[in-house]
Structures are given as C-alpha cells and as structure tokens.
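Inspection log for the structure reproduced underneath, given as structure tokens.
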Amino acid sequence: MATLRVKVRKWHKAELDAGVTPPASEAGEGPDQISNLPVDALRSIVSLLPTKDGAQSLSTRWRHLFCSAPLNLDVKLRREDEPTLSSLVARVLADHQGPCRRFSLTWYGYKCDMVPPLLNRWLHSSALNGLPEFHLRHNRMENGEEELWRAHYTLPLSILRFSPTLRILSVKCTCYKIRFPSLADGDVQFPHTKQLTFKGIIISEVDLHGVLAGCHVLESLVLSELDGVSGVRISSSTLRSLGVSSGFGYEPEELLQQLIVEDAANLEKLLLDGAEYCLSIRVVWAPKLEFLGSLPQGFTTAKLQATFLQRTAAASLMSVMRTVKVLVLQMSPPSVDDLINFLTFFPCVEKLYVLLFRDKPFKRKRHHFPLGYIECFDLHLKKIVLLTTDQRKM
C-alpha cells in the first residue's frame with residue numbers, strides 16, 4: 001500500500017508578520033486564539049513582558065499594542081552601554097502613549113555626573129504621569145570593580161511629583177550613598193504608598209519623619225543603613241511589616257541609634273539587624289506581633305523586658321510575648337541552656353530559627369531536659385531550624 005505524503009509549505013516570516021495565519025494542519029499547532037482576545041486583555045499581556053520583549057513583540061499584529069499598553073520599564077545602566085541605552089529609554093518614553101505601571105532603574109556604580117540630570121529628564125516625561133511604582137537600585141559594578149569616589153549624588157526633586165500616586169517607593173544603595181531630596185519647601189503627602197524602602201541613603205531626621213507622616217496607608221517599611229538619622233519613631237495604624245538595620249558608617253553619629261515603635265496596632269513582623277551594636281529598640285504597643293527576629297547575640301531577658309514592657313508595668317513579659325509565633329535568634333556561643341531559658345518567655349512560638357556563630361567555644365550542654373512545664377515545648381513548637389554562619393542547615 002502506498003504511503004500518503006503531505007507536502008507542507010514553508011511560511012516565511014514576512015507573511016506571518018503581515019498577519020497571514022497558516023492553517024492548523026500546516027502550522028503544526030492549533031489556531032491562533034490569543035489574537036482574538038479583547039484589545040484590553042492583549043494590552044495586559046504585553047504589559048507583563050519585559051520592555052525589550054514588548055517592544056520587539058511576536059509580530060506586527062501585536063507590536064502596536066506595546067505603545068498603548070501599561071509600560072513596565074526596567075533599565076540597567078552600565079558604562080559600556082552608554083549612550084545607546086539612554087537614547088533608547090528616551091525614545092521609548094517619547095513614543096509611549098499608554099500609562100506607566102512601573103519604572104525600575106539599576107545604576108551600576110560608576111562615577112558619572114550625567115546620571116542624575118538624565119534621570120531627572122526621564123522623570124519629567126509625560127509618559128510617567130501617575131506613576132504607581134518606582135525602584136532605584138545603586139549597585140556595585142558587575143565585574144566587582146569599584147571606583148574610589150566620595151561625591152554624593154542627590155535623587156532628583158522630580159521624584160516627589162509622583163507622591164500622590166506612588167504605591168511602592170524603593171531606593172536601595174549598596175555601593176555609594178545617594179542623598180534624598182530635601183522636603184524643606186513643605187509637607188509632601190504619599191496617600192497611596194503601601195511599601196516604602198530606604199537603604200543606604202542620606203536623609204535628615206526631619207525629612208524622614210515628614211515622609212513617614214505623609215504615608216497614610218503604609219503596610220511595609222524598610223529602613224536600612226541610613227545616614228543622617230539617629231532616631232526613628234513609628235506610629236501607624238496600618239503598618240504590618242517593619243525592617244530596621246543600623247548598618248555601618250564612618251562616624252558613630254551616622255548610624256541609626258534608636259528605634260521606638262510607639263503605636264503599631266497591626267504590626268505583625270519586626271525584623272531587626274544591628275541591635276548587637278548601637279541600635280536601641282523600644283516597642284510600646286504592637287499587640288499583633290507574630291514574627292520577631294533576629295534577636296542578636298547576648299540579647300538578655302533584661303533587654304527583652306526593657307524593649308517590650310512599655311505600655312504597662314503590671315504586664316508580664318510572658319503575657320506580652322504570647323502573640324509571637326515565629327522567632328529568630330542569634331547565639332554565640334551556642335548553648336542549649338540559654339535557648340531553653342529564653343523560650344520560656346515566648347510560650348506560643350511555633351517556628352524557631354537559631355543562627356549559630358562558632359567564633360567562641362560551645363558551652364556545656366544540659367544533660368537533662370528541665371522537669372518544669374514549658375508551654376512552648378509542650379504545646380506549640382512545631383519546627384526548629386539551626387543555621388550556621390555559612391547559611392547551612394544543621
């Protein structure tokens with residue numbers, strides 16, 4: 001019996017770009033159903049693609065949607081890419097007709113006085129009107145090299161024009177610090193900002209508290225390695241997650257020295273770093289706190305009482321700590337005795353993470369488990385994870 005042979009003709013890219021759809025039997029796939037979706041749905045799909053893929057989409061049938069779809073602009077600024085990259089960004093902003101959903105700039109830390117004015121021009125683009133999400137990350141060079149320069153660049157004042165619409169504002173400097181623009185001209189309101197991250201920036205204490213006072217629906221706050229701030233007071237009825245790190249500086253006064261959580265009725269997570277150095281912590285009111293860590297090496301029960309027993313002297317430390325479900329501790333040297341004694345003040349902990357530092361000899365282990373009743377061990381504790389300094393689980 002003769003074998004049936006079907007000749008499949010080759011479809012050229014020009015035909016596909018022109019909108020010609022090959023039959024399913026010849027294309028080897030089912031019919032194109034995506035292009036039949038409503039235009040708004042197609043715009044949403046295109047907006048989820050990286051900027052490069054969106055601008056060079058699958059075919060001309062989709063390419064025109066990029067100019068009107070919500071823009072997700074992710075720019076990585078490297079010395080070797082200039083000036084081609086900055087020209088491309090300017091052209092995208094000039095040609096885009098739709099709203100911008102997100103603008104992210106990663107500036108790899110090379111000295112260039114042209115970057116702040118360049119960013120200022122981009123931020124003034126009408127394509128960014130109503131911007132809801134802005135990320136600036138100042139990183140070290142990808143090849144690991146560093147340029148020795150101390151000049152502090154200032155974030156353009158034009159970033160504040162988005163304060164009425166920003167939902168997420170993140171400025172992270174892991175290389176050299178960038179100065180946040182001064183708010184001396186008046187109060188700035190951030191009525192829709194839910195996530196705020198400041199890492200490695202220079203900002204005055206007055207300006208920082210001005211920004212925090214203007215965030216009326218803030219849910220997540222990270223303050224790390226700030227320069228120019230010695231103390232922070234937190235009072236927010238919407239805040240759910242707070243991360244604070246004192247960091248390191250060239251002078252002691254450059255470090256954050258005091259954190260006071262005055263009133264945080266809905267705070268669930270408190271993440272700390274630097275408390276073993278100069279950071280003093282006071283929690284006056286956080287009745288829903290469930291995650292606490294990492295408490296540093298040598299953090300005694302006396303310090304714990306001074307940190308949390310602020311609202312009323314009649315309350316016991318154990319009653320205040322009953323809400324904590326996840327606890328992270330640092331221990332050096334590791335000691336089972338110290339760990340058991342510490343956990344008696346956290347009766348409802350379900351997950352315990354212990355960071356072990358082996359810079360000192362181990363203490364003698366307890367040979368017998370305590371005979372007294374410890375609520376945490378008897379009723380609630382479900383998981384214990386021991387981590388060494390190289391992040392390996394034990």
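Chains: A, B, ... in order of the structure tokens. Residues: from 1 per chain. Ligands: from 1, in order shown.
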
Spatial neighbours of Ile340 (chain A), 9 Å, only C-alpha atoms, chain gap at least 4 places, as a PyMOL selection string: chain A and resi 335-336+344+370+374

Using only all heavy atoms, please write the residues we just selected to a file, as a JSON list (two decimals), in the first residue's frame.
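Saved the output as out.json:
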```
[["chain", "number", "residue", "atom", "x", "y", "z"],
["A", 335, "SER", "N", 24.24, 27.53, 73.05],
["A", 335, "SER", "CA", 24.00, 26.99, 74.39],
["A", 335, "SER", "C", 22.56, 26.53, 74.49],
["A", 335, "SER", "O", 21.63, 27.33, 74.30],
["A", 335, "SER", "CB", 24.30, 28.04, 75.45],
["A", 335, "SER", "OG", 23.80, 27.64, 76.71],
["A", 336, "VAL", "N", 22.35, 25.25, 74.78],
["A", 336, "VAL", "CA", 21.01, 24.72, 74.95],
["A", 336, "VAL", "C", 20.35, 25.34, 76.18],
["A", 336, "VAL", "O", 19.17, 25.66, 76.18],
["A", 336, "VAL", "CB", 21.06, 23.18, 75.06],
["A", 336, "VAL", "CG1", 19.67, 22.62, 75.36],
["A", 336, "VAL", "CG2", 21.61, 22.57, 73.79],
["A", 344, "THR", "N", 11.22, 30.34, 77.46],
["A", 344, "THR", "CA", 10.17, 30.38, 78.47],
["A", 344, "THR", "C", 9.37, 31.67, 78.40],
["A", 344, "THR", "O", 8.23, 31.72, 78.87],
["A", 344, "THR", "CB", 10.78, 30.23, 79.88],
["A", 344, "THR", "OG1", 11.73, 31.29, 80.10],
["A", 344, "THR", "CG2", 11.46, 28.88, 80.04],
["A", 370, "PRO", "N", 14.66, 20.10, 81.32],
["A", 370, "PRO", "CA", 14.07, 20.62, 82.55],
["A", 370, "PRO", "C", 12.75, 19.92, 82.88],
["A", 370, "PRO", "O", 11.94, 19.66, 82.00],
["A", 370, "PRO", "CB", 13.86, 22.11, 82.23],
["A", 370, "PRO", "CG", 13.88, 22.20, 80.74],
["A", 370, "PRO", "CD", 14.82, 21.14, 80.30],
["A", 374, "ILE", "N", 7.05, 23.83, 80.38],
["A", 374, "ILE", "CA", 7.36, 24.93, 79.47],
["A", 374, "ILE", "C", 6.35, 24.88, 78.33],
["A", 374, "ILE", "O", 6.37, 23.96, 77.50],
["A", 374, "ILE", "CB", 8.80, 24.84, 78.91],
["A", 374, "ILE", "CG1", 9.81, 24.90, 80.07],
["A", 374, "ILE", "CG2", 9.07, 25.96, 77.93],
["A", 374, "ILE", "CD1", 11.26, 24.79, 79.62]]
```

Polymer residues at most 8 Å from region 376-382 of chain A, only C-alpha atoms, same-chain spacing of 6 or more positions, as a list in words: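 Using only C-alpha atoms, the neighbours found are Leu343, Thr344, Phe346, Pro347, Cys348, Val349, Glu350, Lys351 and Leu352 of chain A.
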
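When only C-alpha atoms are used to measure the gap to Ile178 (chain A), the shortest distance among A:Ser126, A:Glu205, A:Leu279, A:Trp107 belongs to A:Trp107.
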
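Shortest atom-to-atom contact with Thr301 (chain A) among A:Phe342, A:Val171, A:Asn129, A:Arg137: A:Phe342, counting only C-alpha atoms.
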
Residue nearest Leu271 (chain A) - candidates A:Ser241, A:Thr154, A:Thr307, A:Asn72, atoms counted: only C-alpha atoms: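 The closest residue to Leu271 (chain A) is A:Ser241.
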
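Separating CA of Cys100 (chain A) from CA of Leu73 (chain A) is a distance of 7.7 Å.
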
Nearest to Leu387 (chain A) by atom-to-atom distance, counting only C-alpha atoms, from A:Val328, A:Leu339, A:Val89, A:Leu119: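 Closest to Leu387 (chain A) of all the choices is A:Val328.
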
Mind checking DSSP for region 104-264 of chain A and telling me the helix (DSSP H, G or I) residues as a PDB file with C-alpha atoms, in the first residue's frame?
```
ATOM      1  CA  VAL A 115      23.222  60.233  35.503  1.00  0.00           C
ATOM      2  CA  PRO A 116      21.223  62.466  37.925  1.00  0.00           C
ATOM      3  CA  PRO A 117      20.305  65.009  35.175  1.00  0.00           C
ATOM      4  CA  LEU A 118      19.481  62.099  32.868  1.00  0.00           C
ATOM      5  CA  LEU A 119      17.180  60.569  35.475  1.00  0.00           C
ATOM      6  CA  ASN A 120      15.616  63.982  36.062  1.00  0.00           C
ATOM      7  CA  ARG A 121      14.719  64.288  32.355  1.00  0.00           C
ATOM      8  CA  TRP A 122      13.183  60.815  32.362  1.00  0.00           C
ATOM      9  CA  LEU A 123      11.135  61.556  35.479  1.00  0.00           C
ATOM     10  CA  SER A 126       4.642  62.793  30.472  1.00  0.00           C
ATOM     11  CA  ALA A 127       4.694  59.012  29.878  1.00  0.00           C
ATOM     12  CA  LEU A 128       5.373  58.601  33.613  1.00  0.00           C
ATOM     13  CA  LEU A 157      13.418  66.508  43.259  1.00  0.00           C
ATOM     14  CA  SER A 158      11.179  65.457  40.372  1.00  0.00           C
ATOM     15  CA  ILE A 159      10.668  62.078  42.072  1.00  0.00           C
ATOM     16  CA  LEU A 160       8.353  63.862  44.509  1.00  0.00           C
ATOM     17  CA  ARG A 161       5.933  64.760  41.725  1.00  0.00           C
ATOM     18  CA  PHE A 162       4.724  61.146  41.870  1.00  0.00           C
ATOM     19  CA  GLU A 205      15.714  63.001  60.518  1.00  0.00           C
ATOM     20  CA  VAL A 206      13.153  65.756  59.898  1.00  0.00           C
ATOM     21  CA  ASP A 207      12.674  64.751  56.261  1.00  0.00           C
ATOM     22  CA  LEU A 208      12.367  61.049  57.131  1.00  0.00           C
ATOM     23  CA  HIS A 209       9.640  61.704  59.680  1.00  0.00           C
ATOM     24  CA  GLY A 210       7.992  64.031  57.162  1.00  0.00           C
ATOM     25  CA  VAL A 211       7.850  61.221  54.603  1.00  0.00           C
ATOM     26  CA  LEU A 212       6.506  58.746  57.184  1.00  0.00           C
ATOM     27  CA  ALA A 213       3.868  61.217  58.348  1.00  0.00           C
ATOM     28  CA  GLY A 214       2.680  61.585  54.754  1.00  0.00           C
ATOM     29  CA  PRO A 252      29.246  56.794  65.082  1.00  0.00           C
ATOM     30  CA  GLU A 253      26.678  59.558  64.658  1.00  0.00           C
ATOM     31  CA  GLU A 254      25.929  58.357  61.148  1.00  0.00           C
TER      32      GLU A 254
END
```

Distance in Å - CA of Ile168 (chain A) versus CA of Val75 (chain A):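 Separating CA of Ile168 (chain A) from CA of Val75 (chain A) is a distance of 17.1 Å.
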
Distance query Leu256 (chain A) at most 7 Å, only C-alpha atoms, self and fewer than 6 positions along chain excluded, as a short mmCIF file (atom, residue, chain, number, x, y, z; two decimals) with N, CA, C and O atoms, in the first residue's frame:
```
data_model
loop_
_atom_site.label_atom_id
_atom_site.label_comp_id
_atom_site.auth_asym_id
_atom_site.auth_seq_id
_atom_site.Cartn_x
_atom_site.Cartn_y
_atom_site.Cartn_z
N LEU A 226 20.83 54.03 57.11
CA LEU A 226 20.56 55.43 56.82
C LEU A 226 21.67 56.30 57.39
O LEU A 226 22.22 56.02 58.45
N VAL A 229 20.28 60.07 60.30
CA VAL A 229 19.15 59.78 61.19
C VAL A 229 19.68 59.06 62.42
O VAL A 229 20.30 58.00 62.31
N SER A 230 19.44 59.63 63.59
CA SER A 230 19.88 58.98 64.83
C SER A 230 18.73 58.25 65.52
O SER A 230 18.97 57.31 66.27
N GLY A 231 17.49 58.67 65.30
CA GLY A 231 16.36 58.03 65.94
C GLY A 231 15.12 58.06 65.06
O GLY A 231 14.90 59.00 64.31
N SER A 246 20.73 49.11 61.49
CA SER A 246 21.55 50.30 61.76
C SER A 246 22.67 50.45 60.75
O SER A 246 23.04 51.55 60.37
N LEU A 279 22.09 49.93 68.20
CA LEU A 279 20.68 50.18 68.00
C LEU A 279 19.88 49.83 69.25
O LEU A 279 19.84 48.68 69.68
#
```
